[in-house]
Amino acid sequence: MENRNNQIELTNKFVKSFHQNEASGHDWFHIDRVRNIALKIAKIEGGYNFKIELTALLHDVADHKLNNGDEKLGLKKVGDFLKSINIDESLKESILYDIANLSYKGAKVVQKELSLEGKIVQDADRIDAIGAIGIARTFAYGGNKNRMMYDPSCKPEMHTDFNAYKNNTTPTINHFYEKLLLLKDRLNTNTAKEIAAERHQYMESFLEQFYKEWDCK
Ligand code: ADP
Ligand code: NI
């Protein structure tokens, strides 16, 4: 009944409406960038583009932050949707597995092995978490959650479990040390590592300037 273009079109529509009015850095434009970065990586690294596109489009629908803390409910939404557009059972299961395991869960939490397509989408999601866009998203998130921007007495933590990571309410600058600056060494593909280098450098310069101005120099 469906062809792939049609299935992608239906997914676009579903995801656009799911992320409508999202103001914590997980808006539709984030999803669209992740899709585009992932397809750019795939041109060099290979992978099945249809699966990459579906995974990228749906990757944040199951996020616990967008499902009142209930990731299982989020995964059910993704599964039900894939079924509704007639995605094969085995492809559906593989996409669900990747989506359940691609998000960052804390500095010392062990990463599960993903499919090639999952690895590429994870890289794209991580690239969109660093650089100028990454900085902007992080402060948008902090503001959305009423977090302080910076408190020099509050030190970053290397979380060993996902609950501790997701429940922390520390100032936004801490997130750079707890996640953003670690991402360049947690990418799967060489293509993503190349893209990340400049963005990582940009965050380092940002922090240097931030502390300089903080000290009124
Ligand atoms: P992932 O897609 O790797 O699971 P998240 O959805 O947890 O990542 O986070 C995406 C982005 O949201 C982060 O890169 C960051 O910009 C912002 N964010 C998430 N958690 C925090 C936090 N505790 N403090 C500041 N920003 C955050
Ligand atoms: Ni994301």
# chains A, B, ... in the order shown; residues from 1 in each chain; ligands from 1
>>> residues_around(residues="stretch 39-41 of chain A", least_positions_apart="6", cutoff="8 Å", atoms="only C-alpha atoms", output="PyMOL selection string")
chain A and resi 49+52-53+120+124+191-192
>>> residues_near_ligand(ligand="ligand 1", cutoff="6 Å", atoms="only C-alpha atoms and all ligand atoms", output="PDB file with all heavy atoms, in the first residue's frame")
ATOM      1  N   GLY A  25      15.046  22.916  23.132  1.00  0.00           N
ATOM      2  CA  GLY A  25      16.119  22.491  22.232  1.00  0.00           C
ATOM      3  C   GLY A  25      15.804  21.209  21.478  1.00  0.00           C
ATOM      4  O   GLY A  25      16.647  20.686  20.761  1.00  0.00           O
ATOM      5  N   SER A 103      20.430   7.516  22.975  1.00  0.00           N
ATOM      6  CA  SER A 103      20.624   8.774  23.690  1.00  0.00           C
ATOM      7  C   SER A 103      21.704   8.667  24.771  1.00  0.00           C
ATOM      8  O   SER A 103      22.018   7.589  25.267  1.00  0.00           O
ATOM      9  CB  SER A 103      19.302   9.265  24.281  1.00  0.00           C
ATOM     10  OG  SER A 103      19.044   8.592  25.473  1.00  0.00           O
ATOM     11  N   TYR A 104      22.252   9.817  25.088  1.00  0.00           N
ATOM     12  CA  TYR A 104      23.332   9.923  26.076  1.00  0.00           C
ATOM     13  C   TYR A 104      22.741   9.714  27.461  1.00  0.00           C
ATOM     14  O   TYR A 104      21.773  10.357  27.834  1.00  0.00           O
ATOM     15  CB  TYR A 104      23.945  11.320  25.955  1.00  0.00           C
ATOM     16  CG  TYR A 104      25.145  11.557  26.827  1.00  0.00           C
ATOM     17  CD1 TYR A 104      26.407  11.118  26.428  1.00  0.00           C
ATOM     18  CD2 TYR A 104      25.037  12.231  28.033  1.00  0.00           C
ATOM     19  CE1 TYR A 104      27.521  11.341  27.223  1.00  0.00           C
ATOM     20  CE2 TYR A 104      26.147  12.462  28.835  1.00  0.00           C
ATOM     21  CZ  TYR A 104      27.383  12.004  28.415  1.00  0.00           C
ATOM     22  OH  TYR A 104      28.486  12.242  29.203  1.00  0.00           O
ATOM     23  N   ASP A 125      23.027  13.196  16.014  1.00  0.00           N
ATOM     24  CA  ASP A 125      22.384  13.794  17.191  1.00  0.00           C
ATOM     25  C   ASP A 125      23.453  14.449  18.075  1.00  0.00           C
ATOM     26  O   ASP A 125      23.254  15.535  18.635  1.00  0.00           O
ATOM     27  CB  ASP A 125      21.656  12.683  17.963  1.00  0.00           C
ATOM     28  CG  ASP A 125      20.666  13.200  18.980  1.00  0.00           C
ATOM     29  OD1 ASP A 125      20.175  14.336  18.830  1.00  0.00           O
ATOM     30  OD2 ASP A 125      20.369  12.455  19.942  1.00  0.00           O
ATOM     31  N   ALA A 129      24.513  18.482  19.135  1.00  0.00           N
ATOM     32  CA  ALA A 129      24.577  18.861  20.559  1.00  0.00           C
ATOM     33  C   ALA A 129      25.827  19.678  20.857  1.00  0.00           C
ATOM     34  O   ALA A 129      26.010  20.131  21.991  1.00  0.00           O
ATOM     35  CB  ALA A 129      24.556  17.602  21.423  1.00  0.00           C
ATOM     36  N   GLY A 134      24.908  23.699  19.561  1.00  0.00           N
ATOM     37  CA  GLY A 134      24.915  22.967  20.836  1.00  0.00           C
ATOM     38  C   GLY A 134      24.869  23.918  22.023  1.00  0.00           C
ATOM     39  O   GLY A 134      24.121  23.685  22.989  1.00  0.00           O
ATOM     40  N   ARG A 137      21.358  25.456  22.176  1.00  0.00           N
ATOM     41  CA  ARG A 137      20.352  24.480  22.657  1.00  0.00           C
ATOM     42  C   ARG A 137      20.496  24.272  24.160  1.00  0.00           C
ATOM     43  O   ARG A 137      19.494  24.123  24.873  1.00  0.00           O
ATOM     44  CB  ARG A 137      20.510  23.135  21.928  1.00  0.00           C
ATOM     45  CG  ARG A 137      20.094  23.174  20.473  1.00  0.00           C
ATOM     46  CD  ARG A 137      20.256  21.801  19.830  1.00  0.00           C
ATOM     47  NE  ARG A 137      19.341  20.822  20.388  1.00  0.00           N
ATOM     48  CZ  ARG A 137      19.620  19.533  20.531  1.00  0.00           C
ATOM     49  NH1 ARG A 137      20.812  19.062  20.172  1.00  0.00           N
ATOM     50  NH2 ARG A 137      18.739  18.719  21.034  1.00  0.00           N
ATOM     51  N   THR A 138      21.726  24.248  24.628  1.00  0.00           N
ATOM     52  CA  THR A 138      21.961  23.961  26.039  1.00  0.00           C
ATOM     53  C   THR A 138      21.445  25.084  26.930  1.00  0.00           C
ATOM     54  O   THR A 138      20.813  24.831  27.968  1.00  0.00           O
ATOM     55  CB  THR A 138      23.461  23.672  26.247  1.00  0.00           C
ATOM     56  OG1 THR A 138      23.787  22.580  25.398  1.00  0.00           O
ATOM     57  CG2 THR A 138      23.776  23.311  27.675  1.00  0.00           C
ATOM     58  N   TYR A 141      17.668  24.965  26.876  1.00  0.00           N
ATOM     59  CA  TYR A 141      17.197  23.912  27.775  1.00  0.00           C
ATOM     60  C   TYR A 141      17.244  24.400  29.222  1.00  0.00           C
ATOM     61  O   TYR A 141      16.272  24.257  29.982  1.00  0.00           O
ATOM     62  CB  TYR A 141      18.072  22.662  27.604  1.00  0.00           C
ATOM     63  CG  TYR A 141      17.621  21.478  28.426  1.00  0.00           C
ATOM     64  CD1 TYR A 141      16.796  20.506  27.878  1.00  0.00           C
ATOM     65  CD2 TYR A 141      18.016  21.338  29.762  1.00  0.00           C
ATOM     66  CE1 TYR A 141      16.373  19.419  28.628  1.00  0.00           C
ATOM     67  CE2 TYR A 141      17.601  20.261  30.517  1.00  0.00           C
ATOM     68  CZ  TYR A 141      16.770  19.304  29.953  1.00  0.00           C
ATOM     69  OH  TYR A 141      16.350  18.241  30.704  1.00  0.00           O
ATOM     70  N   GLY A 142      18.372  24.986  29.586  1.00  0.00           N
ATOM     71  CA  GLY A 142      18.534  25.482  30.965  1.00  0.00           C
ATOM     72  C   GLY A 142      17.459  26.503  31.326  1.00  0.00           C
ATOM     73  O   GLY A 142      16.872  26.453  32.416  1.00  0.00           O
ATOM     74  N   THR A 172      23.632  25.253  34.008  1.00  0.00           N
ATOM     75  CA  THR A 172      23.829  24.860  32.606  1.00  0.00           C
ATOM     76  C   THR A 172      25.297  24.657  32.228  1.00  0.00           C
ATOM     77  O   THR A 172      25.620  23.748  31.465  1.00  0.00           O
ATOM     78  CB  THR A 172      23.156  25.915  31.699  1.00  0.00           C
ATOM     79  OG1 THR A 172      21.751  25.910  32.017  1.00  0.00           O
ATOM     80  CG2 THR A 172      23.326  25.612  30.233  1.00  0.00           C
ATOM     81  N   HIS A 175      26.721  21.184  32.308  1.00  0.00           N
ATOM     82  CA  HIS A 175      26.382  20.241  31.237  1.00  0.00           C
ATOM     83  C   HIS A 175      27.498  20.127  30.188  1.00  0.00           C
ATOM     84  O   HIS A 175      27.662  19.078  29.560  1.00  0.00           O
ATOM     85  CB  HIS A 175      25.069  20.660  30.578  1.00  0.00           C
ATOM     86  CG  HIS A 175      24.418  19.561  29.795  1.00  0.00           C
ATOM     87  ND1 HIS A 175      23.935  18.416  30.373  1.00  0.00           N
ATOM     88  CD2 HIS A 175      24.194  19.418  28.457  1.00  0.00           C
ATOM     89  CE1 HIS A 175      23.440  17.618  29.442  1.00  0.00           C
ATOM     90  NE2 HIS A 175      23.586  18.203  28.266  1.00  0.00           N
TER      91      HIS A 175
END
>>> select_by_dssp(residues="stretch 59-104 of chain A", states="helix (DSSP H, G or I)", output="VMD selection string")
chain A and resid 64 to 66 71 to 84 89 to 101
>>> closest_atom_pairs(of="chain A", to="ligand 2", cutoff="10 Å", atoms="only C-alpha atoms and all ligand atoms", output="Markdown table")
| residue | atom | partner | partner_atom_place_in_ligand_line | distance |
| --- | --- | --- | --- | --- |
| A:Gly25 | CA | ligand 2 | 1 (Ni) | 8.6 |
| A:His26 | CA | ligand 2 | 1 (Ni) | 6.4 |
| A:Asp27 | CA | ligand 2 | 1 (Ni) | 9.0 |
| A:Trp28 | CA | ligand 2 | 1 (Ni) | 9.9 |
| A:His30 | CA | ligand 2 | 1 (Ni) | 6.7 |
| A:Ile31 | CA | ligand 2 | 1 (Ni) | 6.6 |
| A:Asp32 | CA | ligand 2 | 1 (Ni) | 10.0 |
| A:Arg33 | CA | ligand 2 | 1 (Ni) | 9.5 |
| A:Val34 | CA | ligand 2 | 1 (Ni) | 7.2 |
| A:Ala56 | CA | ligand 2 | 1 (Ni) | 8.3 |
| A:Leu57 | CA | ligand 2 | 1 (Ni) | 9.3 |
| A:Leu58 | CA | ligand 2 | 1 (Ni) | 9.3 |
| A:His59 | CA | ligand 2 | 1 (Ni) | 6.4 |
| A:Asp60 | CA | ligand 2 | 1 (Ni) | 5.4 |
| A:Val61 | CA | ligand 2 | 1 (Ni) | 9.1 |
| A:Asp63 | CA | ligand 2 | 1 (Ni) | 8.4 |
| A:Leu102 | CA | ligand 2 | 1 (Ni) | 9.3 |
| A:Ser103 | CA | ligand 2 | 1 (Ni) | 7.6 |
| A:Tyr104 | CA | ligand 2 | 1 (Ni) | 9.6 |
| A:Val121 | CA | ligand 2 | 1 (Ni) | 9.1 |
| A:Gln122 | CA | ligand 2 | 1 (Ni) | 8.3 |
| A:Ala124 | CA | ligand 2 | 1 (Ni) | 8.6 |
| A:Asp125 | CA | ligand 2 | 1 (Ni) | 5.0 |
| A:Arg126 | CA | ligand 2 | 1 (Ni) | 7.7 |
| A:Ile127 | CA | ligand 2 | 1 (Ni) | 9.8 |
| A:Asp128 | CA | ligand 2 | 1 (Ni) | 7.7 |
| A:Ala129 | CA | ligand 2 | 1 (Ni) | 7.9 |
>>> write_last_selection(atoms="N, CA, C and O atoms", output="tab-separated table (two decimals), in the first residue's frame")
chain	number	residue	atom	x	y	z
A	25	GLY	N	15.05	22.92	23.13
A	25	GLY	CA	16.12	22.49	22.23
A	25	GLY	C	15.80	21.21	21.48
A	25	GLY	O	16.65	20.69	20.76
A	26	HIS	N	14.58	20.68	21.64
A	26	HIS	CA	14.19	19.47	20.92
A	26	HIS	C	13.05	19.77	19.95
A	26	HIS	O	12.07	19.04	19.86
A	27	ASP	N	13.20	20.90	19.25
A	27	ASP	CA	12.15	21.30	18.31
A	27	ASP	C	12.33	20.59	16.97
A	27	ASP	O	13.32	19.89	16.74
A	28	TRP	N	11.38	20.81	16.06
A	28	TRP	CA	11.40	20.17	14.75
A	28	TRP	C	12.70	20.46	13.99
A	28	TRP	O	13.25	19.61	13.30
A	30	HIS	N	15.67	20.78	15.14
A	30	HIS	CA	16.71	19.85	15.62
A	30	HIS	C	16.55	18.51	14.89
A	30	HIS	O	17.52	17.94	14.39
A	31	ILE	N	15.33	18.03	14.81
A	31	ILE	CA	15.07	16.74	14.15
A	31	ILE	C	15.49	16.80	12.68
A	31	ILE	O	16.15	15.89	12.17
A	32	ASP	N	15.14	17.90	12.02
A	32	ASP	CA	15.45	18.06	10.61
A	32	ASP	C	16.97	18.13	10.40
A	32	ASP	O	17.51	17.54	9.47
A	33	ARG	N	17.67	18.83	11.30
A	33	ARG	CA	19.15	18.89	11.18
A	33	ARG	C	19.76	17.51	11.39
A	33	ARG	O	20.68	17.12	10.68
A	34	VAL	N	19.25	16.78	12.38
A	34	VAL	CA	19.79	15.44	12.66
A	34	VAL	C	19.61	14.55	11.42
A	34	VAL	O	20.52	13.82	11.02
A	56	ALA	N	16.23	8.86	12.38
A	56	ALA	CA	16.53	10.27	12.71
A	56	ALA	C	15.24	11.03	13.02
A	56	ALA	O	15.14	11.75	14.01
A	57	LEU	N	14.23	10.84	12.16
A	57	LEU	CA	12.98	11.58	12.35
A	57	LEU	C	12.31	11.22	13.66
A	57	LEU	O	11.75	12.08	14.35
A	58	LEU	N	12.39	9.95	14.05
A	58	LEU	CA	11.64	9.49	15.22
A	58	LEU	C	12.47	9.46	16.51
A	58	LEU	O	11.94	9.15	17.58
A	59	HIS	N	13.77	9.84	16.43
A	59	HIS	CA	14.66	9.53	17.56
A	59	HIS	C	14.28	10.22	18.87
A	59	HIS	O	14.59	9.71	19.94
A	60	ASP	N	13.62	11.37	18.81
A	60	ASP	CA	13.29	12.07	20.06
A	60	ASP	C	11.82	11.91	20.47
A	60	ASP	O	11.43	12.43	21.51
A	61	VAL	N	11.03	11.20	19.67
A	61	VAL	CA	9.62	10.99	20.04
A	61	VAL	C	9.53	10.18	21.34
A	61	VAL	O	8.64	10.38	22.16
A	63	ASP	N	11.84	10.23	23.74
A	63	ASP	CA	12.66	10.80	24.82
A	63	ASP	C	11.85	10.95	26.11
A	63	ASP	O	10.72	11.45	26.10
A	102	LEU	N	20.10	5.03	21.77
A	102	LEU	CA	21.06	5.98	21.19
A	102	LEU	C	21.31	7.22	22.02
A	102	LEU	O	22.33	7.89	21.86
A	103	SER	N	20.43	7.52	22.97
A	103	SER	CA	20.62	8.77	23.69
A	103	SER	C	21.70	8.67	24.77
A	103	SER	O	22.02	7.59	25.27
A	104	TYR	N	22.25	9.82	25.09
A	104	TYR	CA	23.33	9.92	26.08
A	104	TYR	C	22.74	9.71	27.46
A	104	TYR	O	21.77	10.36	27.83
A	121	VAL	N	22.90	7.87	13.15
A	121	VAL	CA	21.94	8.83	13.72
A	121	VAL	C	22.46	9.32	15.09
A	121	VAL	O	22.35	10.51	15.42
A	122	GLN	N	23.04	8.45	15.86
A	122	GLN	CA	23.60	8.87	17.15
A	122	GLN	C	24.69	9.92	16.93
A	122	GLN	O	24.74	10.94	17.62
A	124	ALA	N	24.94	11.97	14.40
A	124	ALA	CA	24.30	13.20	13.94
A	124	ALA	C	23.66	13.94	15.12
A	124	ALA	O	23.77	15.17	15.24
A	125	ASP	N	23.03	13.20	16.01
A	125	ASP	CA	22.38	13.79	17.19
A	125	ASP	C	23.45	14.45	18.08
A	125	ASP	O	23.25	15.53	18.63
A	126	ARG	N	24.59	13.81	18.19
A	126	ARG	CA	25.68	14.34	19.02
A	126	ARG	C	26.35	15.54	18.37
A	126	ARG	O	26.76	16.47	19.07
A	127	ILE	N	26.42	15.53	17.05
A	127	ILE	CA	26.99	16.70	16.36
A	127	ILE	C	26.08	17.91	16.58
A	127	ILE	O	26.55	19.02	16.77
A	128	ASP	N	24.78	17.69	16.58
A	128	ASP	CA	23.84	18.80	16.80
A	128	ASP	C	23.82	19.24	18.27
A	128	ASP	O	23.17	20.22	18.62
A	129	ALA	N	24.51	18.48	19.13
A	129	ALA	CA	24.58	18.86	20.56
A	129	ALA	C	25.83	19.68	20.86
A	129	ALA	O	26.01	20.13	21.99
>>> residues_around(residues="A:Leu73", least_positions_apart="3", cutoff="10 Å", atoms="only C-alpha atoms", output="VMD selection string")
chain A and resid 61 to 64 67 to 70 76 to 79
>>> write_last_selection(atoms="N, CA and C atoms", output="PDB file, in the first residue's frame")
ATOM      1  N   VAL A  61      11.034  11.200  19.671  1.00  0.00           N
ATOM      2  CA  VAL A  61       9.620  10.991  20.039  1.00  0.00           C
ATOM      3  C   VAL A  61       9.534  10.183  21.343  1.00  0.00           C
ATOM      4  N   ALA A  62      10.537   9.291  21.534  1.00  0.00           N
ATOM      5  CA  ALA A  62      10.501   8.433  22.728  1.00  0.00           C
ATOM      6  C   ALA A  62      11.254   9.034  23.915  1.00  0.00           C
ATOM      7  N   ASP A  63      11.841  10.233  23.741  1.00  0.00           N
ATOM      8  CA  ASP A  63      12.663  10.803  24.822  1.00  0.00           C
ATOM      9  C   ASP A  63      11.850  10.945  26.114  1.00  0.00           C
ATOM     10  N   HIS A  64      12.448  10.508  27.212  1.00  0.00           N
ATOM     11  CA  HIS A  64      11.739  10.580  28.502  1.00  0.00           C
ATOM     12  C   HIS A  64      11.325  12.014  28.834  1.00  0.00           C
ATOM     13  N   ASN A  67       8.010  12.806  27.369  1.00  0.00           N
ATOM     14  CA  ASN A  67       6.938  11.856  27.679  1.00  0.00           C
ATOM     15  C   ASN A  67       6.683  11.772  29.184  1.00  0.00           C
ATOM     16  N   ASN A  68       6.778  12.912  29.850  1.00  0.00           N
ATOM     17  CA  ASN A  68       6.597  12.959  31.305  1.00  0.00           C
ATOM     18  C   ASN A  68       7.426  11.902  32.030  1.00  0.00           C
ATOM     19  N   GLY A  69       8.653  11.708  31.565  1.00  0.00           N
ATOM     20  CA  GLY A  69       9.562  10.780  32.238  1.00  0.00           C
ATOM     21  C   GLY A  69       9.345   9.318  31.871  1.00  0.00           C
ATOM     22  N   ASP A  70       8.360   9.029  31.007  1.00  0.00           N
ATOM     23  CA  ASP A  70       8.034   7.639  30.709  1.00  0.00           C
ATOM     24  C   ASP A  70       8.545   7.247  29.313  1.00  0.00           C
ATOM     25  N   LYS A  76       6.476   3.107  22.804  1.00  0.00           N
ATOM     26  CA  LYS A  76       5.216   2.547  22.304  1.00  0.00           C
ATOM     27  C   LYS A  76       4.639   3.452  21.201  1.00  0.00           C
ATOM     28  N   LYS A  77       4.771   4.786  21.433  1.00  0.00           N
ATOM     29  CA  LYS A  77       4.282   5.732  20.413  1.00  0.00           C
ATOM     30  C   LYS A  77       5.001   5.502  19.089  1.00  0.00           C
ATOM     31  N   VAL A  78       6.336   5.313  19.170  1.00  0.00           N
ATOM     32  CA  VAL A  78       7.128   5.104  17.956  1.00  0.00           C
ATOM     33  C   VAL A  78       6.730   3.777  17.292  1.00  0.00           C
ATOM     34  N   GLY A  79       6.622   2.716  18.110  1.00  0.00           N
ATOM     35  CA  GLY A  79       6.255   1.399  17.579  1.00  0.00           C
ATOM     36  C   GLY A  79       4.891   1.432  16.908  1.00  0.00           C
TER      37      GLY A  79
END
